Amino acid sequence: MSEIITRLEVNCATGETVEIPLTAEELVQREADAAAALVAQAERESAEAEAAAVKASAVAKLAALGLDEAEVAALIG
Amino acid sequence: MAITKIAEVTVGSGGVASIDFTSIPGTYTDLMVVFGIRSGRANHSDEVDIKFNGVTTNLSGRYLSGDGASAGSGSVPVAFAGYSAGSTATANTFGNGQVYIPNYSGATAKSFSAEGTGENNATNSSRLIFAGLWNSTAAITSLSLYSDSANTFQQYSTATLYGIQKGSLAGVTVS
């Protein structure tokens with residue numbers, strides 16, 4: 001027997017709270033949303049890693065020019 | 001200014017895919033959602049997203065985040081509400097967060113802000129602040145909190161919806 005996935009709905013007008021099984025459409029949409037979220041998360045992590053690499057490269061180049069750590073920090077925070 | 005609790009809900013045994021507040025009255029100035037959630041995701045935390053009126057379209061935002069190992073920032077086409085604790089987080093902890101939605105019943109695009117933390121008694125614990133926009137002129141009459149990774153919110157997770165009425169109270173003014 002497969003697990004029944006529900007959502008918890010509270011009606012703010014009546015105060016009634018009910019657990020409602022997801023419809024087939026909602027289940028499909030939920031899976032699609034999760035797949036899209038995985039892709040988006042990978043893209044975010046990739047962009048953040050790329051930005052960190054660029055920053056590290058810039059810091060290395062500044063150091064090669066003779067700036068010490070305090071001077072680099074003053075420039076880029 | 002007056003803050004009124006509109007509704008509060010606690011997840012029962014078995015967990016749920018989302019927490020949905022429906023039939024939200026349009027009589028307040030702003031809305032605020034506060035939550036404490038633990039997710040079934042096998043991680044120290046899980047992203048909690050929010051959607052309005054049942055749709056995930058026309059959403060965008062900027063985030064700043066950190067998890068004890070790295071920091072991040074960027075733009076996303078979804079609405080972050082914060083973090084829940086994941087299933088590998090310290091036992092019996094719940095991530096917490098809040099979302100503030102000004103002028104939710106007006107006919108202009110809806111901006112909102114969110115912040116949250118995953119809560120974990122270990123090195124890795126996620127933290128997030130978010131500035132979001134739902135580019136819709138529709139009044140917000142329902143909102144949903146759900147797991148970004150399609151995991152379930154675990155038993156004893158809670159969410160509370162407050163209505164903020166404009167005016168002044170104790171030196172704080174909402175207009």
# chains A, B, ... in the order shown; residues from 1 in each chain; ligands from 1

call {"tool": "residues_around", "arguments": {"residues": "Pro102 of chain B", "least_positions_apart": "2", "cutoff": "12 Å", "atoms": "only C-alpha atoms", "output": "tab-separated table (two decimals) with N, CA and C atoms, in the first residue's frame"}}
result
chain	number	residue	atom	x	y	z
B	26	GLY	N	-9.24	40.05	4.26
B	26	GLY	CA	-8.50	41.18	3.70
B	26	GLY	C	-8.54	42.41	4.57
B	28	TYR	N	-6.75	43.29	7.27
B	28	TYR	CA	-5.54	43.78	7.95
B	28	TYR	C	-4.67	44.59	6.98
B	29	THR	N	-3.66	45.23	7.52
B	29	THR	CA	-2.74	46.00	6.69
B	29	THR	C	-1.64	45.08	6.13
B	30	ASP	N	-1.04	44.28	7.02
B	30	ASP	CA	0.05	43.38	6.64
B	30	ASP	C	-0.22	41.98	7.21
B	31	LEU	N	0.53	41.02	6.70
B	31	LEU	CA	0.49	39.66	7.25
B	31	LEU	C	1.88	39.26	7.73
B	32	MET	N	1.91	38.39	8.71
B	32	MET	CA	3.19	37.82	9.15
B	32	MET	C	2.96	36.34	9.46
B	33	VAL	N	3.82	35.50	8.92
B	33	VAL	CA	3.76	34.06	9.20
B	33	VAL	C	5.00	33.68	9.99
B	99	VAL	N	7.92	35.25	7.79
B	99	VAL	CA	7.73	35.97	6.53
B	99	VAL	C	6.82	37.15	6.81
B	100	TYR	N	7.21	38.33	6.34
B	100	TYR	CA	6.39	39.54	6.53
B	100	TYR	C	5.93	40.03	5.17
B	104	TYR	N	-0.82	43.19	1.72
B	104	TYR	CA	-1.11	41.92	1.03
B	104	TYR	C	-2.43	41.94	0.27
B	105	SER	N	-3.32	42.85	0.63
B	105	SER	CA	-4.63	42.85	-0.03
B	105	SER	C	-4.78	43.97	-1.05
B	106	GLY	N	-3.70	44.71	-1.29
B	106	GLY	CA	-3.75	45.80	-2.25
B	106	GLY	C	-3.70	45.32	-3.69
B	108	THR	N	-1.43	46.21	-5.91
B	108	THR	CA	-0.09	46.36	-6.47
B	108	THR	C	0.70	45.07	-6.27
B	109	ALA	N	1.88	44.99	-6.90
B	109	ALA	CA	2.75	43.82	-6.72
B	109	ALA	C	3.11	43.68	-5.24
B	110	LYS	N	3.28	42.43	-4.80
B	110	LYS	CA	3.48	42.17	-3.37
B	110	LYS	C	4.96	41.89	-3.07
B	111	SER	N	5.58	42.80	-2.34
B	111	SER	CA	6.93	42.53	-1.86
B	111	SER	C	6.83	41.86	-0.49
B	112	PHE	N	7.85	41.13	-0.12
B	112	PHE	CA	7.84	40.49	1.19
B	112	PHE	C	9.28	40.20	1.61
B	113	SER	N	9.47	39.98	2.88
B	113	SER	CA	10.80	39.62	3.38
B	113	SER	C	10.68	38.37	4.24
B	114	ALA	N	11.78	37.63	4.33
B	114	ALA	CA	11.77	36.39	5.10
B	114	ALA	C	13.13	36.18	5.73
B	132	GLY	N	11.79	39.26	-1.33
B	132	GLY	CA	11.05	38.65	-2.43
B	132	GLY	C	9.98	39.55	-3.03
B	133	LEU	N	9.55	39.13	-4.20
B	133	LEU	CA	8.46	39.85	-4.89
B	133	LEU	C	7.54	38.83	-5.54
B	134	TRP	N	6.24	38.98	-5.30
B	134	TRP	CA	5.24	38.26	-6.08
B	134	TRP	C	4.61	39.31	-6.98
B	139	ALA	N	-5.18	40.27	-4.65
B	139	ALA	CA	-5.09	40.24	-3.19
B	139	ALA	C	-4.72	38.83	-2.74
B	140	ILE	N	-3.89	38.74	-1.73
B	140	ILE	CA	-3.50	37.43	-1.21
B	140	ILE	C	-4.62	36.92	-0.29
B	162	TYR	N	-0.39	35.82	11.50
B	162	TYR	CA	-0.81	37.02	12.21
B	162	TYR	C	-1.25	38.09	11.22
B	163	GLY	N	-2.22	38.91	11.64
B	163	GLY	CA	-2.61	40.09	10.89
B	163	GLY	C	-2.11	41.31	11.62
B	164	ILE	N	-1.53	42.24	10.88
B	164	ILE	CA	-1.00	43.48	11.45
B	164	ILE	C	-1.90	44.63	11.00
B	165	GLN	N	-2.44	45.36	11.96
B	165	GLN	CA	-3.31	46.49	11.63
B	165	GLN	C	-2.54	47.78	11.78
B	166	LYS	N	-2.65	48.67	10.79
B	166	LYS	CA	-1.87	49.90	10.83
B	166	LYS	C	-2.25	50.75	12.04
B	174	VAL	N	2.87	51.19	12.05
B	174	VAL	CA	2.65	50.55	10.76
B	174	VAL	C	1.69	51.44	9.99
B	175	SER	N	2.07	51.84	8.78
B	175	SER	CA	1.21	52.75	8.03
B	175	SER	C	0.90	52.20	6.66

call {"tool": "residues_around", "arguments": {"residues": "Ile50 of chain B", "least_positions_apart": "6", "cutoff": "8 Å", "atoms": "only C-alpha atoms", "output": "count of residues only"}}
result
7

call {"tool": "residues_around", "arguments": {"residues": "Val72 of chain A", "least_positions_apart": "5", "cutoff": "7 Å", "atoms": "only C-alpha atoms", "output": "MDAnalysis selection string"}}
result
chainID A and resid 59 62 67

call {"tool": "write_last_selection", "arguments": {"atoms": "N, CA and C atoms", "output": "compact mmCIF listing (two decimals), in the first residue's frame"}}
result
# COMPACT_ATOMS: atom_id res chain seq x y z
N VAL A 59 42.19 38.00 -5.33
CA VAL A 59 43.01 38.19 -4.13
C VAL A 59 44.45 37.75 -4.40
N LEU A 62 46.19 40.39 -6.46
CA LEU A 62 46.52 41.57 -5.65
C LEU A 62 47.74 41.28 -4.77
N LEU A 67 50.40 43.66 -2.35
CA LEU A 67 49.49 44.08 -1.29
C LEU A 67 49.49 43.04 -0.17

call {"tool": "residues_around", "arguments": {"residues": "Tyr156 of chain B", "least_positions_apart": "6", "cutoff": "9 Å", "atoms": "only C-alpha atoms", "output": "list in words"}}
result
Thr10, Val11, Gly12, Ser13, Gly15, Gly36, Ile37, Arg38 and Phe94 of chain B

call {"tool": "interface_residues", "arguments": {"of": "chain A", "to": "chain B", "cutoff": "10 Å", "atoms": "only C-alpha atoms", "output": "PyMOL selection string"}}
result
chain A and resi 3-22+27+29-38+40-41+43-45+47-49+51-52

call {"tool": "write_last_selection", "arguments": {"atoms": "N, CA and C atoms", "output": "short mmCIF file (atom, residue, chain, number, x, y, z; two decimals), in the first residue's frame"}}
result
data_model
loop_
_atom_site.label_atom_id
_atom_site.label_comp_id
_atom_site.auth_asym_id
_atom_site.auth_seq_id
_atom_site.Cartn_x
_atom_site.Cartn_y
_atom_site.Cartn_z
N GLU A 3 2.04 5.17 0.44
CA GLU A 3 1.80 6.19 1.46
C GLU A 3 0.87 7.28 0.91
N ILE A 4 -0.05 7.71 1.73
CA ILE A 4 -0.93 8.80 1.34
C ILE A 4 -0.30 10.11 1.81
N ILE A 5 -0.04 10.99 0.87
CA ILE A 5 0.57 12.29 1.21
C ILE A 5 -0.55 13.33 1.32
N THR A 6 -0.52 14.05 2.41
CA THR A 6 -1.59 15.02 2.65
C THR A 6 -1.03 16.43 2.80
N ARG A 7 -1.93 17.38 2.73
CA ARG A 7 -1.59 18.76 3.06
C ARG A 7 -2.51 19.18 4.21
N LEU A 8 -2.01 20.11 5.02
CA LEU A 8 -2.77 20.56 6.19
C LEU A 8 -3.34 21.93 5.88
N GLU A 9 -4.66 22.00 5.83
CA GLU A 9 -5.31 23.25 5.46
C GLU A 9 -6.06 23.82 6.65
N VAL A 10 -5.81 25.10 6.94
CA VAL A 10 -6.57 25.78 7.98
C VAL A 10 -7.34 26.92 7.33
N ASN A 11 -8.65 26.88 7.53
CA ASN A 11 -9.54 27.90 6.98
C ASN A 11 -9.59 29.06 7.97
N CYS A 12 -9.04 30.21 7.56
CA CYS A 12 -8.93 31.33 8.49
C CYS A 12 -10.29 31.96 8.79
N ALA A 13 -11.28 31.71 7.96
CA ALA A 13 -12.61 32.27 8.21
C ALA A 13 -13.36 31.45 9.24
N THR A 14 -13.19 30.14 9.20
CA THR A 14 -13.96 29.27 10.10
C THR A 14 -13.11 28.69 11.23
N GLY A 15 -11.78 28.71 11.06
CA GLY A 15 -10.91 28.10 12.05
C GLY A 15 -10.78 26.59 11.87
N GLU A 16 -11.48 26.04 10.90
CA GLU A 16 -11.46 24.59 10.68
C GLU A 16 -10.12 24.16 10.09
N THR A 17 -9.57 23.08 10.62
CA THR A 17 -8.32 22.52 10.13
C THR A 17 -8.56 21.10 9.63
N VAL A 18 -8.15 20.83 8.42
CA VAL A 18 -8.36 19.49 7.85
C VAL A 18 -7.10 19.03 7.11
N GLU A 19 -6.87 17.73 7.15
CA GLU A 19 -5.80 17.12 6.34
C GLU A 19 -6.43 16.58 5.07
N ILE A 20 -5.91 17.00 3.93
CA ILE A 20 -6.49 16.66 2.64
C ILE A 20 -5.47 15.91 1.81
N PRO A 21 -5.79 14.70 1.35
CA PRO A 21 -4.85 13.97 0.48
C PRO A 21 -4.56 14.77 -0.79
N LEU A 22 -3.30 14.76 -1.24
CA LEU A 22 -2.97 15.45 -2.48
C LEU A 22 -3.65 14.74 -3.65
N LEU A 27 0.32 15.79 -6.84
CA LEU A 27 1.48 14.92 -6.66
C LEU A 27 2.48 15.09 -7.80
N GLN A 29 2.74 17.73 -9.74
CA GLN A 29 3.31 19.08 -9.63
C GLN A 29 4.38 19.13 -8.55
N ARG A 30 4.14 18.41 -7.45
CA ARG A 30 5.09 18.39 -6.33
C ARG A 30 6.41 17.78 -6.78
N GLU A 31 6.33 16.70 -7.51
CA GLU A 31 7.56 16.07 -8.01
C GLU A 31 8.28 16.98 -9.00
N ALA A 32 7.50 17.64 -9.86
CA ALA A 32 8.11 18.55 -10.84
C ALA A 32 8.79 19.72 -10.13
N ASP A 33 8.12 20.25 -9.11
CA ASP A 33 8.69 21.37 -8.34
C ASP A 33 9.99 20.94 -7.66
N ALA A 34 9.99 19.72 -7.12
CA ALA A 34 11.19 19.23 -6.44
C ALA A 34 12.35 19.05 -7.43
N ALA A 35 12.03 18.53 -8.62
CA ALA A 35 13.07 18.35 -9.63
C ALA A 35 13.63 19.71 -10.06
N ALA A 36 12.73 20.67 -10.25
CA ALA A 36 13.18 22.02 -10.63
C ALA A 36 14.01 22.65 -9.52
N ALA A 37 13.63 22.38 -8.27
CA ALA A 37 14.37 22.93 -7.14
C ALA A 37 15.78 22.37 -7.08
N LEU A 38 15.92 21.08 -7.41
CA LEU A 38 17.25 20.47 -7.43
C LEU A 38 18.14 21.13 -8.47
N ALA A 40 17.73 24.14 -9.74
CA ALA A 40 17.99 25.52 -9.32
C ALA A 40 19.06 25.57 -8.23
N GLN A 41 19.00 24.61 -7.32
CA GLN A 41 19.99 24.58 -6.24
C GLN A 41 21.39 24.34 -6.80
N GLU A 43 22.41 25.10 -9.76
CA GLU A 43 22.82 26.32 -10.46
C GLU A 43 23.30 27.38 -9.47
N ARG A 44 22.59 27.50 -8.35
CA ARG A 44 23.00 28.49 -7.34
C ARG A 44 24.36 28.14 -6.77
N GLU A 45 24.55 26.86 -6.45
CA GLU A 45 25.82 26.45 -5.87
C GLU A 45 26.96 26.63 -6.86
N ALA A 47 27.04 28.90 -9.30
CA ALA A 47 27.30 30.34 -9.41
C ALA A 47 28.08 30.85 -8.20
N GLU A 48 27.71 30.35 -7.00
CA GLU A 48 28.41 30.78 -5.80
C GLU A 48 29.86 30.30 -5.81
N ALA A 49 30.08 29.06 -6.29
CA ALA A 49 31.45 28.52 -6.36
C ALA A 49 32.28 29.31 -7.37
N ALA A 51 31.80 32.45 -8.25
CA ALA A 51 32.09 33.76 -7.67
C ALA A 51 33.21 33.67 -6.65
N ALA A 52 33.21 32.60 -5.86
CA ALA A 52 34.27 32.42 -4.86
C ALA A 52 35.62 32.21 -5.53
#

call {"tool": "residues_around", "arguments": {"residues": "Asp67 of chain B", "least_positions_apart": "2", "cutoff": "7 Å", "atoms": "only C-alpha atoms", "output": "list in words"}}
result
Ser65, Ala69, Ser70, Ala71, Asn124, Ser125, Ser126 and Arg127 of chain B

call {"tool": "write_last_selection", "arguments": {"atoms": "N, CA and C atoms", "output": "PDB file, in the first residue's frame"}}
result
ATOM      1  N   SER B  65      22.738  33.743   2.323  1.00  0.00           N
ATOM      2  CA  SER B  65      22.652  32.527   3.119  1.00  0.00           C
ATOM      3  C   SER B  65      24.027  32.107   3.610  1.00  0.00           C
ATOM      4  N   ALA B  69      29.631  26.394   6.670  1.00  0.00           N
ATOM      5  CA  ALA B  69      30.743  25.967   5.829  1.00  0.00           C
ATOM      6  C   ALA B  69      30.993  26.967   4.709  1.00  0.00           C
ATOM      7  N   SER B  70      29.930  27.560   4.203  1.00  0.00           N
ATOM      8  CA  SER B  70      30.085  28.509   3.113  1.00  0.00           C
ATOM      9  C   SER B  70      28.956  29.525   3.163  1.00  0.00           C
ATOM     10  N   ALA B  71      29.159  30.636   2.464  1.00  0.00           N
ATOM     11  CA  ALA B  71      28.134  31.672   2.368  1.00  0.00           C
ATOM     12  C   ALA B  71      27.730  31.818   0.915  1.00  0.00           C
ATOM     13  N   ASN B 124      27.301  22.655  10.919  1.00  0.00           N
ATOM     14  CA  ASN B 124      26.438  23.074   9.816  1.00  0.00           C
ATOM     15  C   ASN B 124      25.030  23.409  10.303  1.00  0.00           C
ATOM     16  N   SER B 125      24.655  24.655  10.168  1.00  0.00           N
ATOM     17  CA  SER B 125      23.289  25.080  10.476  1.00  0.00           C
ATOM     18  C   SER B 125      22.955  26.219   9.535  1.00  0.00           C
ATOM     19  N   SER B 126      21.968  26.021   8.698  1.00  0.00           N
ATOM     20  CA  SER B 126      21.678  26.987   7.643  1.00  0.00           C
ATOM     21  C   SER B 126      20.976  28.225   8.176  1.00  0.00           C
ATOM     22  N   ARG B 127      21.278  29.339   7.534  1.00  0.00           N
ATOM     23  CA  ARG B 127      20.705  30.623   7.907  1.00  0.00           C
ATOM     24  C   ARG B 127      20.417  31.385   6.623  1.00  0.00           C
TER      25      ARG B 127
END

call {"tool": "select_by_dssp", "arguments": {"residues": "segment 32-129 of chain B", "states": "strand (DSSP E or B)", "output": "ChimeraX atom specification"}}
result
/B:32-39,45-52,55,59-66,71-76,80-85,95-102,110-117,127-129

call {"tool": "atom_distance", "arguments": {"atom1": "atom CA of Thr88 of chain B", "atom2": "atom CA of Arg62 of chain B"}}
result
27.3 Å

call {"tool": "select_by_dssp", "arguments": {"residues": "chain A", "states": "helix (DSSP H, G or I)", "output": "ChimeraX atom specification"}}
result
/A:24-64,69-76

call {"tool": "residues_around", "arguments": {"residues": "Ile129 of chain B", "least_positions_apart": "4", "cutoff": "6 Å", "atoms": "only C-alpha atoms", "output": "list in words"}}
result
Tyr63, Leu64, Ala114 and Glu115 of chain B

call {"tool": "atom_distance", "arguments": {"atom1": "atom CA of Leu75 of chain A", "atom2": "atom CA of Thr123 of chain B"}}
result
29.6 Å

call {"tool": "decode", "arguments": {"residues": "segment 16-38 of chain A", "atoms": "C-alpha atoms", "output": "JSON list (two decimals), in the first residue's frame"}}
result
[["chain", "number", "residue", "atom", "x", "y", "z"],
["A", 16, "GLU", "CA", -11.46, 24.59, 10.68],
["A", 17, "THR", "CA", -8.32, 22.52, 10.13],
["A", 18, "VAL", "CA", -8.36, 19.49, 7.85],
["A", 19, "GLU", "CA", -5.80, 17.12, 6.34],
["A", 20, "ILE", "CA", -6.49, 16.66, 2.64],
["A", 21, "PRO", "CA", -4.85, 13.97, 0.48],
["A", 22, "LEU", "CA", -2.97, 15.45, -2.48],
["A", 23, "THR", "CA", -4.66, 14.96, -5.82],
["A", 24, "ALA", "CA", -2.89, 13.15, -8.65],
["A", 25, "GLU", "CA", -2.22, 16.54, -10.26],
["A", 26, "GLU", "CA", -0.78, 17.93, -7.05],
["A", 27, "LEU", "CA", 1.48, 14.92, -6.66],
["A", 28, "VAL", "CA", 2.81, 15.34, -10.19],
["A", 29, "GLN", "CA", 3.31, 19.08, -9.63],
["A", 30, "ARG", "CA", 5.09, 18.39, -6.33],
["A", 31, "GLU", "CA", 7.56, 16.07, -8.01],
["A", 32, "ALA", "CA", 8.11, 18.55, -10.84],
["A", 33, "ASP", "CA", 8.69, 21.37, -8.34],
["A", 34, "ALA", "CA", 11.19, 19.23, -6.44],
["A", 35, "ALA", "CA", 13.07, 18.35, -9.63],
["A", 36, "ALA", "CA", 13.18, 22.02, -10.63],
["A", 37, "ALA", "CA", 14.37, 22.93, -7.14],
["A", 38, "LEU", "CA", 17.25, 20.47, -7.43]]
